[in-house]
Amino acid sequence: MRTVTSFPHEVTETEHLWIEMSDGTRLAARMWRPVSSDTEPVPGILELIPYRKRDLTAQRDSIHHPYMAGHGYACLRVDLRGSGDSEGVLTDEYLEQELRDAEEILAWMAEQPWCSGRTAMMGISWGGFNALQVAARRPPSLGAIVTVCSTDDRYTDDVHYMGGCLLTDNLSWASTMFAYNGCPPDPAVVGESWREMWLERLENSGLWLDTWLRHQRRDDYWRHGSVIEDYSAIEVPVLAVSGWADGYSNAVFRLLSGLDSPVRGLIGPWSHKYPHLGEPGPAIGFLQEMVDWWDHWLKDRRDNGAMDRPALTIWMQDHAPPATTYEERPGRWVGESSWPSDRIEPTHYPLGYYRIHPPGSDPSSPPRSVRSPLSVGQFAGKWCSYNAPPDMPYDQREEDGGCLVFTSDELTERLEVLGSPMVSLDVAVDQPIAQVIVRLSDIAPDGASTRVSYGVHNLTHRTGSDDPSELVPGERQTVQVWLNGMAQSFPAGHRLRVSISTSYWPVVWPPPEPVRLTIHPEDSELVLPVRPRPEDEVSPTFGEPEGAEPLATTRLEPGNHEWKVSRDLVELAGRLDVVKGLGTVRFDDIDLTVSRDAHETYSFVGTDVNSVRGETLWDIGFSRGEWAAHTTTRTVLTSTPTDFHVYAELDAWEGVERIHSQTWSTTIPRDYV
């Protein structure tokens, strides 16, 4: 990334200010704005997230907020109520209180003398979520949003449940917020009240994992904040962004299809990152794109080209050998003038005797069945890559040993796919609760298998996730398994492979009992959204990544990332250990030292689906001079055929004195999961 030190506008920074809500709670904010806004008001841009503006996101914030301020915007980075240095307690995601706070902040911004009265929201992940959610509430000053790595559907397209199956990212993410919610405010900002604020958080933030597990179907809890429930509520322009290695790329397609307001979509090769920091590369000049977007919609510069780009711009990925991390994905930028695109051709490939047949074939095959071992899924990587390598899927050949596999002949010409593949299956199972997992892979001439997409489906949700019902063992039915959206080219000489399993641990929690799945291939098919390469293809270009000078930090201890798969052939046990040691860093400007360490373990024994166990450990510490505070958390999730069991611990220390200790032990009935 190129560092920019000179901007059209001189920037002034307010390192800390309080914004008081109507109930008297004060939220902590950091602001960058043009010096000239004292006399020439500018639009305001809000990013509202819980990840601590003063330290944990301070370096990232310093790259893009001063950049946008230097191009004529007042940028406000606010800690959510109950996080960072803000007062109050944070008890869950996207609460009504959070959205009301956002509306109040936008109204406050619009009334300030340095603001033109026009505002916007932006953010990645949480900030992308609440930008969409607030847009649907239509605050008067809001003129546009940029939503990155977010979703319109909190139930089936977030870290919690996928296709009606419980994601282990539900545990991982709950554990992350469990740790973050226990972090203290900074005494240098809030003063002597820091300890009282900290204890209030420790005692009242609660165990979010317990809450999320009590909503295993699509109910009103998940409908709240899911803008897919009413796209017409959003009237402002939306720039929706994600990456193929991210967990949220599907939402970009849906927003383009569902919104009536002006909307553009951008999907690159990236993980859960802003595109100007995008990994895997290539990263792009995304801050320039945002400035053009804001200029167009907040400053009425309608001739600046911001809406001249294709409705959907995507990175068409070329083949890459399987790897758990990539510096860069080969491919090219292509554009579609609308989405859905009338040039995409749904192409039907019948399944046969372990084969994917060419379109138009009419193969016959006897039924095939599978009961997958729990080891299938250990090379799957994370549901969402946070670019904490190695967290992307590895060679799928070992996974395929526990699956039903259907493979095509070698392709005689290049094949390009854009959109969501679908596999229609004629199936029967031997248990009342079952799941099916479908993977699509690119098979190179040397046999290496690169996963390009996958989908999971809880078969009890076959008629919808709001009203699941048991299966009748042995009864045949047709189910459609939609795979994640993709843009992928398959070279001539390569083969396609569809792999089907009955479990995918530890990506999703297995069903209560082992399942044998029987497929009738002659009534099953793969449907690919094939994109012919047009002669007049649009090939968008982007500027190089750039940003403001990052905040200075000093690394005192290196980080450590590990991803270890192990098997014990005596006990027949297997486990995956994920170490995310972020090391120790000093924020030089405020003389604050921060350390973070996380360890996740996912294990199983033999074929016992109720031996699966997820455990997370977190340690976060802060210190300055003689002041020191740190918290440790531990969360364990196990199950029986009828229940989930959650055990959790939270301990907090001021110096060497433990000032808070709490444990949870709860049982939650399984609800068709």
# chains A, B, ... in the order shown; residues from 1 in each chain; ligands from 1
>>> residues_around(residues="stretch 67-84 of chain A", least_positions_apart="4", cutoff="6 Å", atoms="only C-alpha atoms", output="list in words")
Phe7, Pro8, His9, Val11, Ala28, Ala29, Arg30, Met31, Trp32, Arg33, Pro34, Val42, Pro43, Gly44, Ile45, Leu46, Glu47, Leu48, Ile49, Pro50, Arg52, Gly88, Val89, Leu90, Pro185, Gly547 and Ala548 of chain A
>>> write_last_selection(atoms="C-alpha atoms", output="PDB file, in the first residue's frame")
ATOM      1  CA  PHE A   7      -4.138  15.689   0.656  1.00  0.00           C
ATOM      2  CA  PRO A   8      -6.391  18.315  -0.956  1.00  0.00           C
ATOM      3  CA  HIS A   9      -7.503  19.360   2.548  1.00  0.00           C
ATOM      4  CA  VAL A  11      -6.782  17.497   8.392  1.00  0.00           C
ATOM      5  CA  ALA A  28     -16.537   7.710  22.920  1.00  0.00           C
ATOM      6  CA  ALA A  29     -15.531   8.957  19.475  1.00  0.00           C
ATOM      7  CA  ARG A  30     -12.470   9.898  17.447  1.00  0.00           C
ATOM      8  CA  MET A  31     -12.798  12.405  14.628  1.00  0.00           C
ATOM      9  CA  TRP A  32     -10.845  13.541  11.615  1.00  0.00           C
ATOM     10  CA  ARG A  33     -12.085  16.466   9.488  1.00  0.00           C
ATOM     11  CA  PRO A  34     -10.765  19.167   7.176  1.00  0.00           C
ATOM     12  CA  VAL A  42     -18.561  19.001   4.767  1.00  0.00           C
ATOM     13  CA  PRO A  43     -20.534  15.725   4.808  1.00  0.00           C
ATOM     14  CA  GLY A  44     -20.009  13.405   7.770  1.00  0.00           C
ATOM     15  CA  ILE A  45     -19.128   9.686   7.641  1.00  0.00           C
ATOM     16  CA  LEU A  46     -19.798   7.379  10.599  1.00  0.00           C
ATOM     17  CA  GLU A  47     -18.175   4.047  11.460  1.00  0.00           C
ATOM     18  CA  LEU A  48     -19.756   2.517  14.586  1.00  0.00           C
ATOM     19  CA  ILE A  49     -18.157  -0.738  15.836  1.00  0.00           C
ATOM     20  CA  PRO A  50     -17.205  -2.418  19.155  1.00  0.00           C
ATOM     21  CA  ARG A  52     -11.875  -0.262  20.467  1.00  0.00           C
ATOM     22  CA  GLY A  88     -22.838   1.247  29.164  1.00  0.00           C
ATOM     23  CA  VAL A  89     -22.840  -2.506  28.613  1.00  0.00           C
ATOM     24  CA  LEU A  90     -22.894  -4.421  25.321  1.00  0.00           C
ATOM     25  CA  PRO A 185     -11.858   1.171  29.182  1.00  0.00           C
ATOM     26  CA  GLY A 547      -3.941   5.259   2.433  1.00  0.00           C
ATOM     27  CA  ALA A 548      -2.845   7.714   5.085  1.00  0.00           C
TER      28      ALA A 548
END
>>> residues_around(residues="A:Gly243", least_positions_apart="4", cutoff="7 Å", atoms="only C-alpha atoms", output="list in words")
Ser249, Ile267, Gly268, Pro269, Trp270 and Ser271 of chain A
>>> atom_distance(atom1="atom CA of A:Gly182", atom2="atom CA of A:Ala652")
7.6 Å
>>> atom_distance(atom1="atom CA of A:Ala380", atom2="atom CA of A:Lys273")
19.9 Å
>>> residues_around(residues="stretch 576-582 of chain A", least_positions_apart="5", cutoff="8 Å", atoms="only C-alpha atoms", output="PDB file with C-alpha atoms, in the first residue's frame")
ATOM      1  CA  GLN A 378     -10.408 -31.144   8.780  1.00  0.00           C
ATOM      2  CA  ALA A 388      -4.985 -15.592   9.705  1.00  0.00           C
ATOM      3  CA  PRO A 558       5.938 -11.577  17.643  1.00  0.00           C
ATOM      4  CA  GLY A 559       2.615 -13.138  16.812  1.00  0.00           C
ATOM      5  CA  ASN A 560       2.150 -16.836  16.163  1.00  0.00           C
ATOM      6  CA  HIS A 561      -0.386 -18.462  13.844  1.00  0.00           C
ATOM      7  CA  GLU A 562      -0.724 -22.232  13.700  1.00  0.00           C
ATOM      8  CA  TRP A 563      -3.205 -24.671  12.175  1.00  0.00           C
ATOM      9  CA  LYS A 564      -2.493 -28.253  13.205  1.00  0.00           C
ATOM     10  CA  VAL A 565      -4.440 -31.375  12.265  1.00  0.00           C
ATOM     11  CA  SER A 566      -3.529 -34.440  14.336  1.00  0.00           C
ATOM     12  CA  SER A 595      -1.286  -8.381  24.088  1.00  0.00           C
ATOM     13  CA  ARG A 596      -3.749 -10.890  22.605  1.00  0.00           C
ATOM     14  CA  ASP A 597      -3.670 -14.653  22.343  1.00  0.00           C
ATOM     15  CA  ALA A 598      -6.339 -17.132  21.260  1.00  0.00           C
ATOM     16  CA  HIS A 599      -6.365 -20.928  20.950  1.00  0.00           C
ATOM     17  CA  GLU A 600      -9.225 -22.972  19.498  1.00  0.00           C
ATOM     18  CA  THR A 601      -9.428 -26.769  19.658  1.00  0.00           C
ATOM     19  CA  TYR A 602     -11.935 -28.965  17.807  1.00  0.00           C
ATOM     20  CA  SER A 603     -11.789 -32.684  18.530  1.00  0.00           C
TER      21      SER A 603
END
>>> residues_around(residues="stretch 276-291 of chain A", least_positions_apart="2", cutoff="8 Å", atoms="only C-alpha atoms", output="list in words")
Met1, His64, Tyr67, Met68, His71, Val146, Pro269, Trp270, Ser271, Lys273, Tyr274, Trp293, Trp294, Asp295, Ala306, Thr325, Tyr326, Glu327, Glu328, Arg329, Asn387, Phe542, Gly543, Glu544, Pro545, Glu546 and Gly547 of chain A
>>> write_last_selection(atoms="C-alpha atoms", output="mmCIF file, in the first residue's frame")
data_model
loop_
_atom_site.group_PDB
_atom_site.id
_atom_site.type_symbol
_atom_site.label_atom_id
_atom_site.label_comp_id
_atom_site.auth_asym_id
_atom_site.auth_seq_id
_atom_site.Cartn_x
_atom_site.Cartn_y
_atom_site.Cartn_z
ATOM 1 C CA MET A 1 0.000 0.000 0.000
ATOM 2 C CA HIS A 64 -8.559 5.309 5.932
ATOM 3 C CA TYR A 67 -7.506 9.792 3.986
ATOM 4 C CA MET A 68 -11.201 10.498 3.526
ATOM 5 C CA HIS A 71 -10.582 14.545 0.606
ATOM 6 C CA VAL A 146 -20.581 1.458 2.016
ATOM 7 C CA PRO A 269 -10.152 -12.418 -4.143
ATOM 8 C CA TRP A 270 -9.873 -11.140 -0.576
ATOM 9 C CA SER A 271 -10.514 -12.572 2.848
ATOM 10 C CA LYS A 273 -10.432 -7.367 4.795
ATOM 11 C CA TYR A 274 -10.978 -3.916 3.359
ATOM 12 C CA TRP A 293 -18.758 7.200 -4.134
ATOM 13 C CA TRP A 294 -19.123 9.820 -1.402
ATOM 14 C CA ASP A 295 -18.439 12.684 -3.849
ATOM 15 C CA ALA A 306 -18.724 6.647 -9.682
ATOM 16 C CA THR A 325 -2.817 -19.325 2.194
ATOM 17 C CA TYR A 326 -2.172 -17.310 -0.951
ATOM 18 C CA GLU A 327 -0.278 -14.077 -1.456
ATOM 19 C CA GLU A 328 -2.211 -13.470 -4.647
ATOM 20 C CA ARG A 329 -4.884 -15.274 -6.635
ATOM 21 C CA ASN A 387 -6.419 -14.024 6.592
ATOM 22 C CA PHE A 542 -8.395 0.163 -10.288
ATOM 23 C CA GLY A 543 -5.775 2.460 -8.880
ATOM 24 C CA GLU A 544 -3.047 1.122 -6.653
ATOM 25 C CA PRO A 545 -3.853 0.681 -2.946
ATOM 26 C CA GLU A 546 -3.130 3.802 -0.953
ATOM 27 C CA GLY A 547 -3.941 5.259 2.433
#
>>> closest_residue(among="A:Ile519, A:Pro310, A:Ser449, A:Val527", to="A:Ser420", atoms="only C-alpha atoms")
A:Val527
>>> closest_atom_pairs(of="stretch 173-236 of chain A", to="stretch 160-163 of chain A", cutoff="10 Å", atoms="only C-alpha atoms", output="Markdown table")
| residue | atom | partner | partner_atom | distance |
| --- | --- | --- | --- | --- |
| A:Trp173 | CA | A:His160 | CA | 8.6 |
| A:Ala174 | CA | A:His160 | CA | 9.3 |
| A:Leu209 | CA | A:His160 | CA | 9.7 |
| A:Trp212 | CA | A:His160 | CA | 7.5 |
| A:Leu213 | CA | A:His160 | CA | 8.7 |
| A:His215 | CA | A:His160 | CA | 9.7 |
| A:Gln216 | CA | A:Tyr161 | CA | 7.8 |
| A:Arg217 | CA | A:Tyr161 | CA | 8.6 |
| A:Arg218 | CA | A:Tyr161 | CA | 9.3 |
| A:Trp222 | CA | A:His160 | CA | 9.9 |
>>> atom_distance(atom1="atom CA of A:Asp169", atom2="atom CA of A:Val507")
7.4 Å
>>> residues_around(residues="A:Arg343", least_positions_apart="5", cutoff="10 Å", atoms="only C-alpha atoms", output="MDAnalysis selection string")
chainID A and resid 336 338 529:534
>>> write_last_selection(atoms="N, CA and C atoms", output="CSV table (one decimal), in the first residue's frame")
chain,number,residue,atom,x,y,z
A,336,GLU,N,-20.3,-7.0,-14.9
A,336,GLU,CA,-21.7,-7.3,-15.4
A,336,GLU,C,-22.5,-6.0,-15.3
A,338,SER,N,-25.6,-5.7,-15.1
A,338,SER,CA,-26.7,-5.9,-14.2
A,338,SER,C,-26.6,-7.2,-13.6
A,529,PRO,N,-23.9,-22.0,-13.1
A,529,PRO,CA,-24.1,-20.7,-13.8
A,529,PRO,C,-23.0,-20.3,-14.7
A,530,VAL,N,-23.0,-20.8,-15.9
A,530,VAL,CA,-21.9,-20.7,-16.9
A,530,VAL,C,-21.9,-19.3,-17.5
A,531,ARG,N,-20.8,-18.6,-17.5
A,531,ARG,CA,-20.6,-17.3,-18.1
A,531,ARG,C,-19.8,-17.4,-19.4
A,532,PRO,N,-20.4,-17.3,-20.5
A,532,PRO,CA,-19.6,-17.3,-21.8
A,532,PRO,C,-18.8,-16.0,-21.8
A,533,ARG,N,-17.6,-16.1,-22.3
A,533,ARG,CA,-16.7,-15.0,-22.3
A,533,ARG,C,-17.1,-14.1,-23.5
A,534,PRO,N,-17.6,-12.9,-23.2
A,534,PRO,CA,-18.1,-12.1,-24.3
A,534,PRO,C,-17.0,-11.4,-25.1
>>> decode(residues="stretch 407-435 of chain A", atoms="N, CA and C atoms", output="PDB file, in the first residue's frame")
ATOM      1  N   THR A 407     -17.119 -37.224 -10.705  1.00  0.00           N
ATOM      2  CA  THR A 407     -16.072 -36.507 -11.421  1.00  0.00           C
ATOM      3  C   THR A 407     -16.378 -36.460 -12.909  1.00  0.00           C
ATOM      4  N   SER A 408     -16.116 -35.329 -13.528  1.00  0.00           N
ATOM      5  CA  SER A 408     -16.366 -35.163 -14.955  1.00  0.00           C
ATOM      6  C   SER A 408     -15.200 -35.702 -15.775  1.00  0.00           C
ATOM      7  N   ASP A 409     -15.410 -35.826 -17.070  1.00  0.00           N
ATOM      8  CA  ASP A 409     -14.300 -36.043 -17.989  1.00  0.00           C
ATOM      9  C   ASP A 409     -13.465 -34.769 -18.051  1.00  0.00           C
ATOM     10  N   GLU A 410     -12.283 -34.873 -18.638  1.00  0.00           N
ATOM     11  CA  GLU A 410     -11.467 -33.683 -18.826  1.00  0.00           C
ATOM     12  C   GLU A 410     -12.206 -32.677 -19.705  1.00  0.00           C
ATOM     13  N   LEU A 411     -12.133 -31.408 -19.306  1.00  0.00           N
ATOM     14  CA  LEU A 411     -12.762 -30.358 -20.095  1.00  0.00           C
ATOM     15  C   LEU A 411     -12.009 -30.179 -21.406  1.00  0.00           C
ATOM     16  N   THR A 412     -12.733 -30.050 -22.479  1.00  0.00           N
ATOM     17  CA  THR A 412     -12.094 -29.858 -23.785  1.00  0.00           C
ATOM     18  C   THR A 412     -11.859 -28.389 -24.087  1.00  0.00           C
ATOM     19  N   GLU A 413     -12.501 -27.505 -23.328  1.00  0.00           N
ATOM     20  CA  GLU A 413     -12.279 -26.071 -23.487  1.00  0.00           C
ATOM     21  C   GLU A 413     -12.495 -25.391 -22.148  1.00  0.00           C
ATOM     22  N   ARG A 414     -12.009 -24.162 -22.053  1.00  0.00           N
ATOM     23  CA  ARG A 414     -12.112 -23.389 -20.822  1.00  0.00           C
ATOM     24  C   ARG A 414     -13.583 -23.197 -20.438  1.00  0.00           C
ATOM     25  N   LEU A 415     -13.869 -23.324 -19.137  1.00  0.00           N
ATOM     26  CA  LEU A 415     -15.212 -23.138 -18.606  1.00  0.00           C
ATOM     27  C   LEU A 415     -15.162 -22.057 -17.532  1.00  0.00           C
ATOM     28  N   GLU A 416     -16.047 -21.053 -17.625  1.00  0.00           N
ATOM     29  CA  GLU A 416     -16.108 -19.998 -16.616  1.00  0.00           C
ATOM     30  C   GLU A 416     -17.485 -19.995 -15.958  1.00  0.00           C
ATOM     31  N   VAL A 417     -17.472 -19.857 -14.637  1.00  0.00           N
ATOM     32  CA  VAL A 417     -18.693 -19.905 -13.839  1.00  0.00           C
ATOM     33  C   VAL A 417     -18.786 -18.631 -13.010  1.00  0.00           C
ATOM     34  N   LEU A 418     -19.965 -18.013 -12.969  1.00  0.00           N
ATOM     35  CA  LEU A 418     -20.209 -16.831 -12.151  1.00  0.00           C
ATOM     36  C   LEU A 418     -21.597 -16.935 -11.536  1.00  0.00           C
ATOM     37  N   GLY A 419     -21.638 -16.998 -10.212  1.00  0.00           N
ATOM     38  CA  GLY A 419     -22.907 -17.110  -9.502  1.00  0.00           C
ATOM     39  C   GLY A 419     -22.885 -18.286  -8.552  1.00  0.00           C
ATOM     40  N   SER A 420     -24.062 -18.746  -8.162  1.00  0.00           N
ATOM     41  CA  SER A 420     -24.188 -19.814  -7.170  1.00  0.00           C
ATOM     42  C   SER A 420     -24.522 -21.140  -7.847  1.00  0.00           C
ATOM     43  N   PRO A 421     -23.613 -22.121  -7.813  1.00  0.00           N
ATOM     44  CA  PRO A 421     -23.953 -23.458  -8.309  1.00  0.00           C
ATOM     45  C   PRO A 421     -25.026 -24.085  -7.430  1.00  0.00           C
ATOM     46  N   MET A 422     -25.737 -25.038  -7.987  1.00  0.00           N
ATOM     47  CA  MET A 422     -26.754 -25.768  -7.242  1.00  0.00           C
ATOM     48  C   MET A 422     -26.651 -27.248  -7.578  1.00  0.00           C
ATOM     49  N   VAL A 423     -26.788 -28.085  -6.572  1.00  0.00           N
ATOM     50  CA  VAL A 423     -26.815 -29.525  -6.784  1.00  0.00           C
ATOM     51  C   VAL A 423     -28.174 -30.027  -6.315  1.00  0.00           C
ATOM     52  N   SER A 424     -28.920 -30.605  -7.241  1.00  0.00           N
ATOM     53  CA  SER A 424     -30.222 -31.200  -6.931  1.00  0.00           C
ATOM     54  C   SER A 424     -30.011 -32.692  -6.692  1.00  0.00           C
ATOM     55  N   LEU A 425     -30.473 -33.168  -5.547  1.00  0.00           N
ATOM     56  CA  LEU A 425     -30.224 -34.549  -5.152  1.00  0.00           C
ATOM     57  C   LEU A 425     -31.534 -35.266  -4.832  1.00  0.00           C
ATOM     58  N   ASP A 426     -31.653 -36.465  -5.354  1.00  0.00           N
ATOM     59  CA  ASP A 426     -32.731 -37.382  -4.974  1.00  0.00           C
ATOM     60  C   ASP A 426     -32.145 -38.265  -3.877  1.00  0.00           C
ATOM     61  N   VAL A 427     -32.604 -38.068  -2.626  1.00  0.00           N
ATOM     62  CA  VAL A 427     -31.938 -38.697  -1.492  1.00  0.00           C
ATOM     63  C   VAL A 427     -32.930 -39.370  -0.554  1.00  0.00           C
ATOM     64  N   ALA A 428     -32.368 -40.253   0.256  1.00  0.00           N
ATOM     65  CA  ALA A 428     -33.066 -40.821   1.411  1.00  0.00           C
ATOM     66  C   ALA A 428     -32.038 -40.995   2.509  1.00  0.00           C
ATOM     67  N   VAL A 429     -32.490 -40.924   3.761  1.00  0.00           N
ATOM     68  CA  VAL A 429     -31.585 -41.079   4.897  1.00  0.00           C
ATOM     69  C   VAL A 429     -32.171 -42.085   5.880  1.00  0.00           C
ATOM     70  N   ASP A 430     -31.321 -42.550   6.812  1.00  0.00           N
ATOM     71  CA  ASP A 430     -31.785 -43.554   7.767  1.00  0.00           C
ATOM     72  C   ASP A 430     -32.020 -42.976   9.159  1.00  0.00           C
ATOM     73  N   GLN A 431     -31.987 -41.637   9.285  1.00  0.00           N
ATOM     74  CA  GLN A 431     -32.206 -40.986  10.571  1.00  0.00           C
ATOM     75  C   GLN A 431     -33.189 -39.834  10.399  1.00  0.00           C
ATOM     76  N   PRO A 432     -33.894 -39.449  11.452  1.00  0.00           N
ATOM     77  CA  PRO A 432     -34.868 -38.350  11.346  1.00  0.00           C
ATOM     78  C   PRO A 432     -34.232 -36.967  11.243  1.00  0.00           C
ATOM     79  N   ILE A 433     -32.964 -36.859  11.634  1.00  0.00           N
ATOM     80  CA  ILE A 433     -32.252 -35.580  11.530  1.00  0.00           C
ATOM     81  C   ILE A 433     -30.950 -35.844  10.785  1.00  0.00           C
ATOM     82  N   ALA A 434     -30.733 -35.094   9.715  1.00  0.00           N
ATOM     83  CA  ALA A 434     -29.565 -35.344   8.871  1.00  0.00           C
ATOM     84  C   ALA A 434     -29.162 -34.060   8.163  1.00  0.00           C
ATOM     85  N   GLN A 435     -27.926 -34.041   7.710  1.00  0.00           N
ATOM     86  CA  GLN A 435     -27.422 -32.925   6.926  1.00  0.00           C
ATOM     87  C   GLN A 435     -26.668 -33.474   5.723  1.00  0.00           C
TER      88      GLN A 435
END
